[in-house]
Amino acid sequence: MANTPEQLTALADDLRIKFTTQYTPGSTLAYGYAHQFQRIILQLYGLFGHGKTSLINLCLSVVRNKPYEDLAGSGWTDGLVIKERREHWLTNTVIITDNRGFIKIDDEEITEASAQLASLRILEEGVIWNRSTEEKLDLMLAKYNTSPTDFIVPVIVHRGTTNMSEEHSNNMRKFISRAFDVTSIFPIVLIMEAGESLDKISNTFSLLGVSHVCSLQNFSTEKPERTPETDAEIMNFLTVCINEADRGLRKRQRLGKMTEYKRQVKEQMRMELELERERVRKQMKGQKHHCSHRDEDTENG
């Protein structure tokens, strides 16, 4: 039996109070764990146009219990799509962060996203999916001995009206696997405008390894507004995020914070160098192919 609007409002109010007044990093755990993480960052990922900025606007409005408002921007600035990570404070300890949309979810984009999740990129800086290897290594070395104070929760935003191709699915699997390697938790998926396709999409992401799939069944990015149902869905999503964050904190504590961080940096460096080697291999192959054609033209001439 479906909940009434009154019951949904009461549920959202209860979760909102717990989220805004009672939560600090680690506070949902049954036993306290000593850690140095001061903030939880909900880092959004997803293809361009899938509703990341609209989700932020809705989260801000619901948490503050105010009418829906475009607080984060519609996704465009001076005719240009958002190209940097922008932080928006939900509470004193929880931030939700906008991001440049994936274009292909290829190895370069996954590698840059991995650096974000490992706290090797600065918030509010431009997101460049194809940085030079030298620039990437310089950024990582500068942070190598600085233990992070933010625990980052990866969140995948996917529009329910969009089907995933086989290539998209394979690339998403790589990203999900890498996100787990870095954060020790699987990304949380939020389906925008889920509708009748929710079960199909949820099953797809489950097969890719995701444990938590949340949804906004009736929210529309074209005509955004708060409803009791949407409020309850948003507060459920945020509750899942902080529960997973604390579970990740506990796992990180067991591994040893600084030791684990340095392992991540070394793994990130390995990925960057492998990308560069692959780029050089392709370049050399292209040059060899060009030279062979030039030799054929010389002989024919």
# chains A, B, ... in the order shown; residues from 1 in each chain; ligands from 1
call {"tool": "select_by_dssp", "arguments": {"residues": "segment 145-212 of chain A", "states": "strand (DSSP E)", "output": "list in words"}}
result
Asp150, Phe151, Ile152, Val153, Pro154, Val155, Ile156, Val157, His158, Arg159, Ile188, Val189, Leu190, Ile191, Met192 and His212 of chain A
call {"tool": "closest_atom_pairs", "arguments": {"of": "segment 28-51 of chain A", "to": "segment 149-171 of chain A", "cutoff": "7 Å", "atoms": "only C-alpha atoms", "output": "JSON lines"}}
result
{"residue": "A:Gln36", "atom": "CA", "partner": "A:Thr149", "partner_atom": "CA", "distance": 6.0}
{"residue": "A:Phe37", "atom": "CA", "partner": "A:Thr149", "partner_atom": "CA", "distance": 4.3}
{"residue": "A:Gln38", "atom": "CA", "partner": "A:Thr149", "partner_atom": "CA", "distance": 5.5}
{"residue": "A:Arg39", "atom": "CA", "partner": "A:Asp150", "partner_atom": "CA", "distance": 4.9}
{"residue": "A:Ile40", "atom": "CA", "partner": "A:Phe151", "partner_atom": "CA", "distance": 5.0}
{"residue": "A:Ile41", "atom": "CA", "partner": "A:Ile152", "partner_atom": "CA", "distance": 4.6}
{"residue": "A:Leu42", "atom": "CA", "partner": "A:Val153", "partner_atom": "CA", "distance": 4.9}
{"residue": "A:Gln43", "atom": "CA", "partner": "A:Pro154", "partner_atom": "CA", "distance": 5.1}
{"residue": "A:Leu44", "atom": "CA", "partner": "A:Val155", "partner_atom": "CA", "distance": 4.8}
{"residue": "A:Tyr45", "atom": "CA", "partner": "A:Ile156", "partner_atom": "CA", "distance": 4.8}
{"residue": "A:Gly46", "atom": "CA", "partner": "A:Val157", "partner_atom": "CA", "distance": 5.2}
{"residue": "A:His50", "atom": "CA", "partner": "A:Arg159", "partner_atom": "CA", "distance": 5.0}
{"residue": "A:Gly51", "atom": "CA", "partner": "A:Val157", "partner_atom": "CA", "distance": 6.9}
call {"tool": "atom_distance", "arguments": {"atom1": "atom CA of Ala30 of chain A", "atom2": "atom CA of Ser177 of chain A"}}
result
27.9 Å
call {"tool": "closest_residue", "arguments": {"among": "A:Ala232, A:Ala72, A:Ala245, A:Ala179", "to": "Glu87 of chain A", "atoms": "only C-alpha atoms"}}
result
A:Ala72
call {"tool": "residues_around", "arguments": {"residues": "Arg247 of chain A", "least_positions_apart": "5", "cutoff": "9 Å", "atoms": "only C-alpha atoms", "output": "MDAnalysis selection string"}}
result
chainID A and resid 26 28:29 184:185 242 252
call {"tool": "closest_residue", "arguments": {"among": "A:Arg121, A:Ser220, A:Arg86, A:Thr183", "to": "Gly195 of chain A", "atoms": "only C-alpha atoms"}}
result
A:Ser220
